[in-house]
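S.K.: Would you mind keeping the following structure in view while I ask a few things?
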Amino acid sequence: MNPLFADMPTTIFEAMSGAARDLGAVNLGQGFPDFGWPEDVIARAADALVTGSNQYPPMRGLPELREAVAAHYRLHQDLVIDPAQVIVTSGATEALASSLLALIEPGDEVVLIQPLYDAYLPLVLRAGGVPRLVRLTPPDWRITEAVLAEAFTERTKLVVFNNPHNPTARVFGADELALVAAAALRSEALVLADEVWEHLFFDRPSFPSIAGLPGMAERVIKLGSAGKIFSMTGWKVGWIVAPRALAEPIAKAHQFVTFTTAPNLQAGAAYGLGKPLGYFEDMRAGFAGPRDAMRQKLDAAGYVTLDSEGTYFLCVDLAASGIAMGDAEFCRRAVAEAGVAAIPLSAFYAENPVTNVIRLCYAKKAETIEAGIAALARAREMFAG
Ligand code: PMP
């Protein structure tokens with residue numbers, strides 16, 4: 001077996017969700033909503049399942065979805081995209097895998113920003129890339145010129161840039177985007193922009209895609225996910241928007257990773273992307289309520305929380321909350337002894353982890369949040385020094 005996978009532990013998300021299931025604990029760990037999804041999007045997919053084709057759709061995706069992706073980004077992010085640049089994938093995970101397989105040659109340096117989404121490092125390594133790690137730290141998790149300067153070299157082929165950022169819940173500012181873009185331009189590197197959380201941003205009028213910055217159109221490969229946009233994480237319908245010159249090689253990798261994605265789900269996603277602006281504004285408002293409620297309850301229970309500018313996560317600083325225990329031990333004991341699952345941020349670092357922060361998911365019903373915070377309050381009573 002390849003040791004990269006053979007020696008890898010089960011992901012922390014699966015481990016904590018498994019513990020929550022086995023122990024009957026409230027699951028505020030893994031990022032999935034436990035409330036509704038758009039019935040009309042499902043109805044469109046169901047209709048396509050019954051009345052449409054169930055054979056292989058075109059390798060790069062249904063034309064209606066590729067057009068819908070281009071129109072959607074024109075409306076929401078002011079990006080000018082030709083549907084020919086769009087490749088439909090089986091979730092953003094496949095979009096990451098196909099892009100990295102196609103673009104990285106053995107020995108290429110790849111800049112990754114820690115804390116990092118868990119799929120990045122194994123995929124980069126398996127593609128033969130040499131990771132160069134940038135380390136962000138709480139409470140502000142800011143990207144600075146100094147941290148980028150340590151990682152970018154003239155051998156940098158690509159930087160994976162996730163914004164809005166999982167797990168810190170940051171939406172990086174215009175100044176930070178400009179720094180990443182400038183570093184990429186200096187190294188003549190590509191930017192793999194993982195923007196799956198692009199519709200979950202708060203307290204700002206719009207989401208700034210790095211693809212919109214000057215000089216970025218020809219070097220940004222932008223990834224999206226219908227599963228994230230429509231709160232249906234099981235759908236695994238995603239896409240890649242690539243510069244014209246890169247769409248061809250990426251499509252070649254995609255054809256041997258999955259080749260295609262269920263056509264009926266693609267039809268549902270195409271329909272959903274065409275919903276009016278107000279739909280997406282209401283969706284954000286639907287997440288801002290639980291975010292504020294969770295933060296207030298955590299504050300009341302004596303926890304120190306960090307800002308949640310986007311995604312549906314909220315981070316808690318254990319040390320500042322009077323808990324001296326490391327994040328992994330806290331999560332292990334909280335699920336077993338207090339009945340609530342959370343995710344330790346240290347799991348998102350490949351080296352030199354931050355060990356005093358946990359991540360909670362607020363895409364949950366009011367009663368789930370209520371029960372989870374009550375359990376966290378018990379945990380604080382037990383573990384605070
Ligand atoms: N990138 C990031 C940053 C994510 O948070 C996720 C899902 N948690 C993905 C990629 C994977 O998306 P999908 O489920 O569409 O494969």
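Ordered as shown in the structure tokens, chains take letters A, B, and onward, while each chain numbers its residues from 1 and ligands are numbered from 1 in the order shown.
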Using DSSP on the backbone coordinates, identify the residues of segment 62-302 of chain A assigned to helix (DSSP H, G or I); present them as a ChimeraX atom specification.
M.R.: /A:63-77,83-85,91-103,120-126,145-151,174-187,210-212,226-229,244-257,263-273,277-300
S.K.: Please report, as CSV, each residue of chain A lying at most 6 Å from ligand 1, together with the nearest pair of atoms and the separation in Å rounded to one decimal; use only C-alpha atoms and all ligand atoms, and order rows by chain and ascending residue number.
M.R.:
residue,atom,partner,partner_atom_place_in_ligand_line,distance
A:Gly91,CA,ligand 1,15 (O),3.5
A:Ala92,CA,ligand 1,15 (O),3.8
A:Thr93,CA,ligand 1,16 (O),3.7
A:Tyr117,CA,ligand 1,3 (C),5.4
A:Asn162,CA,ligand 1,3 (C),5.9
A:Asn166,CA,ligand 1,3 (C),5.2
A:Asp194,CA,ligand 1,1 (N),5.9
A:Val196,CA,ligand 1,1 (N),5.9
A:Ser225,CA,ligand 1,15 (O),4.5
A:Gly227,CA,ligand 1,15 (O),5.4
A:Thr233,CA,ligand 1,14 (O),5.5
A:Lys236,CA,ligand 1,15 (O),5.0
A:Gly238,CA,ligand 1,15 (O),5.5
S.K.: Based on the selection just made, write C-alpha atoms of those residues as a PDB file, in the first residue's frame.
M.R.:
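After the write, result-v9.pdb holds the following:
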ATOM      1  CA  GLY A  91     -17.955  17.724  -5.485  1.00  0.00           C
ATOM      2  CA  ALA A  92     -15.203  20.205  -4.754  1.00  0.00           C
ATOM      3  CA  THR A  93     -13.101  17.312  -3.461  1.00  0.00           C
ATOM      4  CA  TYR A 117      -8.649  21.763   4.878  1.00  0.00           C
ATOM      5  CA  ASN A 162      -9.340  28.851   0.607  1.00  0.00           C
ATOM      6  CA  ASN A 166     -12.524  26.619   6.893  1.00  0.00           C
ATOM      7  CA  ASP A 194     -11.204  26.957  -3.047  1.00  0.00           C
ATOM      8  CA  VAL A 196     -16.815  26.577  -1.776  1.00  0.00           C
ATOM      9  CA  SER A 225     -19.705  23.242  -4.691  1.00  0.00           C
ATOM     10  CA  GLY A 227     -23.481  20.781  -1.929  1.00  0.00           C
ATOM     11  CA  THR A 233     -23.513  18.098   1.378  1.00  0.00           C
ATOM     12  CA  LYS A 236     -21.254  16.054  -4.304  1.00  0.00           C
ATOM     13  CA  GLY A 238     -18.948  20.756  -7.807  1.00  0.00           C
TER      14      GLY A 238
END
S.K.: Pull the closest atom pair for each residue of segment 13-132 of chain A that gets at most 7 Å from segment 266-285 of chain A, along with the distance in Å to one decimal, counting only C-alpha atoms, ordering rows by chain and then ascending residue number, as JSON lines.
M.R.:
{"residue": "A:Val41", "atom": "CA", "partner": "A:Gly268", "partner_atom": "CA", "distance": 5.1}
{"residue": "A:Ile42", "atom": "CA", "partner": "A:Gly268", "partner_atom": "CA", "distance": 6.4}
{"residue": "A:Arg44", "atom": "CA", "partner": "A:Gly268", "partner_atom": "CA", "distance": 5.1}
{"residue": "A:Ala45", "atom": "CA", "partner": "A:Gly268", "partner_atom": "CA", "distance": 4.3}
{"residue": "A:Ala48", "atom": "CA", "partner": "A:Ala267", "partner_atom": "CA", "distance": 6.7}
{"residue": "A:Leu62", "atom": "CA", "partner": "A:Gln266", "partner_atom": "CA", "distance": 6.8}
{"residue": "A:Glu64", "atom": "CA", "partner": "A:Ala270", "partner_atom": "CA", "distance": 6.2}
{"residue": "A:Leu65", "atom": "CA", "partner": "A:Ala270", "partner_atom": "CA", "distance": 4.4}
{"residue": "A:Ala68", "atom": "CA", "partner": "A:Ala270", "partner_atom": "CA", "distance": 5.4}
{"residue": "A:Val69", "atom": "CA", "partner": "A:Leu273", "partner_atom": "CA", "distance": 6.9}
{"residue": "A:His72", "atom": "CA", "partner": "A:Leu273", "partner_atom": "CA", "distance": 6.1}
S.K.: Quick one: residues within 10 Å of Ala366 of chain A, only C-alpha atoms, excluding same-chain residues fewer than 5 positions away - as a list in words?
M.R.: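 Close residues of Ala366 of chain A: Phe35, Gly289, Pro290, Ala293, Met294, Ala371 and Gly372 of chain A.
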S.K.: Could you please determine the separation between atom CA of Asn2 of chain A and atom CA of Val124 of chain A in Å, to one decimal place?
M.R.: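 That distance, rounded to one decimal, is 14.4 Å.
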S.K.: Could you check which of A:Ala46, A:Val110, A:Ala97, A:Val86 is closest to Val257 of chain A, using only C-alpha atoms?
M.R.: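 Result for the nearest residue to Val257 of chain A: A:Ala97.
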S.K.: Residues of segment 181-344 of chain A classed as strand (DSSP E) by DSSP on the backbone are to be reported as a list of chain:residue names.
M.R.: A:Leu190, A:Val191, A:Leu192, A:Ala193, A:Asp194, A:Val220, A:Ile221, A:Lys222, A:Leu223, A:Gly224, A:Ser225, A:Gly238, A:Trp239, A:Ile240, A:Val241, A:Val304, A:Thr305, A:Phe313, A:Leu314, A:Cys315, A:Val316, A:Asp317, A:Val340, A:Ala341, A:Ile343, A:Pro344
S.K.: One decimal, Å: what's the distance from atom CA of Glu248 of chain A over to atom CA of Ala211 of chain A, could you say?
M.R.: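 Those two atoms sit 18.9 Å apart.
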S.K.: Counting only C-alpha atoms, which of A:Ala301, A:Ile210, A:Leu75, A:Ile87 gets nearest to Pro63 of chain A?
M.R.: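 Residue with the minimum atom-to-atom distance to Pro63 of chain A: A:Ile87.
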S.K.: Fewer than 5 positions away in the same chain doesn't count, so skip those; otherwise give me all residues within 12 Å of Gly385 of chain A, counting only C-alpha atoms, as a PyMOL selection string.
M.R.: chain A and resi 318-325+379-380
S.K.: I need the residue nearest Pro38 of chain A from this list: A:Asp140, A:Phe230, A:Val111, A:Pro83. Use only C-alpha atoms for the distance.
M.R.: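 Of A:Asp140, A:Phe230, A:Val111, A:Pro83, the one nearest Pro38 of chain A, counting only C-alpha atoms, is A:Phe230.
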S.K.: Do you know which residues are at most 12 Å from Ser209 of chain A counting only C-alpha atoms, after dropping those on the same chain fewer than 4 positions away, and could you put them as a PyMOL selection string?
M.R.: chain A and resi 73-74+76-79+161-164+171-174+176-178+181+191-199+201+213-214+216-217+220-224
S.K.: Tell me, as a PyMOL selection string, which residues lie within 8 Å of Leu314 of chain A, counting only C-alpha atoms; anything in the same chain fewer than 2 positions away does not count.
M.R.: chain A and resi 168-169+291+295+305-308+312+316+359-362
S.K.: With N, CA, C and O atoms kept, could you save the residues just selected as a compact mmCIF listing (two decimals), in the first residue's frame?
M.R.:
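Result file is again-v3.txt:
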# COMPACT_ATOMS: atom_id res chain seq x y z
N THR A 168 -11.15 28.57 10.14
CA THR A 168 -11.06 29.76 11.01
C THR A 168 -12.29 30.66 10.92
O THR A 168 -12.46 31.55 11.74
N ALA A 169 -13.13 30.46 9.86
CA ALA A 169 -14.31 31.30 9.63
C ALA A 169 -13.94 32.73 9.24
O ALA A 169 -14.73 33.64 9.38
N ARG A 291 -25.68 31.90 14.15
CA ARG A 291 -24.32 32.32 14.50
C ARG A 291 -24.36 33.23 15.73
O ARG A 291 -23.64 33.01 16.72
N ARG A 295 -23.01 32.41 19.58
CA ARG A 295 -21.98 33.25 20.19
C ARG A 295 -22.45 33.79 21.54
O ARG A 295 -21.71 33.77 22.52
N THR A 305 -15.01 33.57 22.34
CA THR A 305 -15.20 33.17 20.94
C THR A 305 -14.42 34.10 20.01
O THR A 305 -14.14 35.24 20.35
N LEU A 306 -14.10 33.60 18.82
CA LEU A 306 -13.44 34.42 17.79
C LEU A 306 -14.51 34.81 16.76
O LEU A 306 -15.55 34.17 16.66
N ASP A 307 -14.23 35.85 15.99
CA ASP A 307 -15.23 36.31 15.01
C ASP A 307 -15.50 35.24 13.97
O ASP A 307 -14.59 34.54 13.53
N SER A 308 -16.76 35.13 13.56
CA SER A 308 -17.11 34.25 12.44
C SER A 308 -17.58 35.14 11.29
O SER A 308 -18.72 35.59 11.26
N TYR A 312 -20.00 28.32 8.19
CA TYR A 312 -20.94 28.24 9.32
C TYR A 312 -20.24 27.68 10.56
O TYR A 312 -20.79 26.87 11.27
N VAL A 316 -13.59 28.78 19.23
CA VAL A 316 -13.52 29.12 20.65
C VAL A 316 -12.07 29.00 21.10
O VAL A 316 -11.40 28.00 20.80
N ARG A 359 -13.37 24.19 16.93
CA ARG A 359 -14.32 24.69 15.94
C ARG A 359 -15.70 24.09 16.20
O ARG A 359 -15.83 22.87 16.36
N LEU A 360 -16.71 24.94 16.20
CA LEU A 360 -18.10 24.49 16.36
C LEU A 360 -18.88 24.87 15.10
O LEU A 360 -18.59 25.89 14.48
N CYS A 361 -19.89 24.05 14.78
CA CYS A 361 -20.73 24.32 13.60
C CYS A 361 -22.09 24.84 14.07
O CYS A 361 -22.73 24.21 14.91
N TYR A 362 -22.50 26.00 13.53
CA TYR A 362 -23.80 26.55 13.95
C TYR A 362 -24.91 26.37 12.92
O TYR A 362 -25.98 26.95 13.05
S.K.: Find the residue from A:Pro3, A:Pro243, A:Pro205, A:Pro33 that sits nearest to Arg219 of chain A; use only C-alpha atoms when measuring.
M.R.: A:Pro243
S.K.: Considering only C-alpha atoms, return as a PyMOL selection string whatever protein or nucleic-acid residues lie within 10 Å of Ile373 of chain A, sequence-local ones (same chain, fewer than 3 positions apart) excluded.
M.R.: chain A and resi 26+28+294-295+297-298+300-301+340+367-370+376-379
S.K.: In Å, how far is it from atom CA of Gly339 of chain A to atom CA of Ala375 of chain A?
M.R.: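 These two atoms are separated by 5.9 Å.
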S.K.: So which one's closest to Asn27 of chain A, A:Glu309, A:Asp40, A:Ala341, A:Ala363? Using only C-alpha atoms, please.
M.R.: A:Ala341
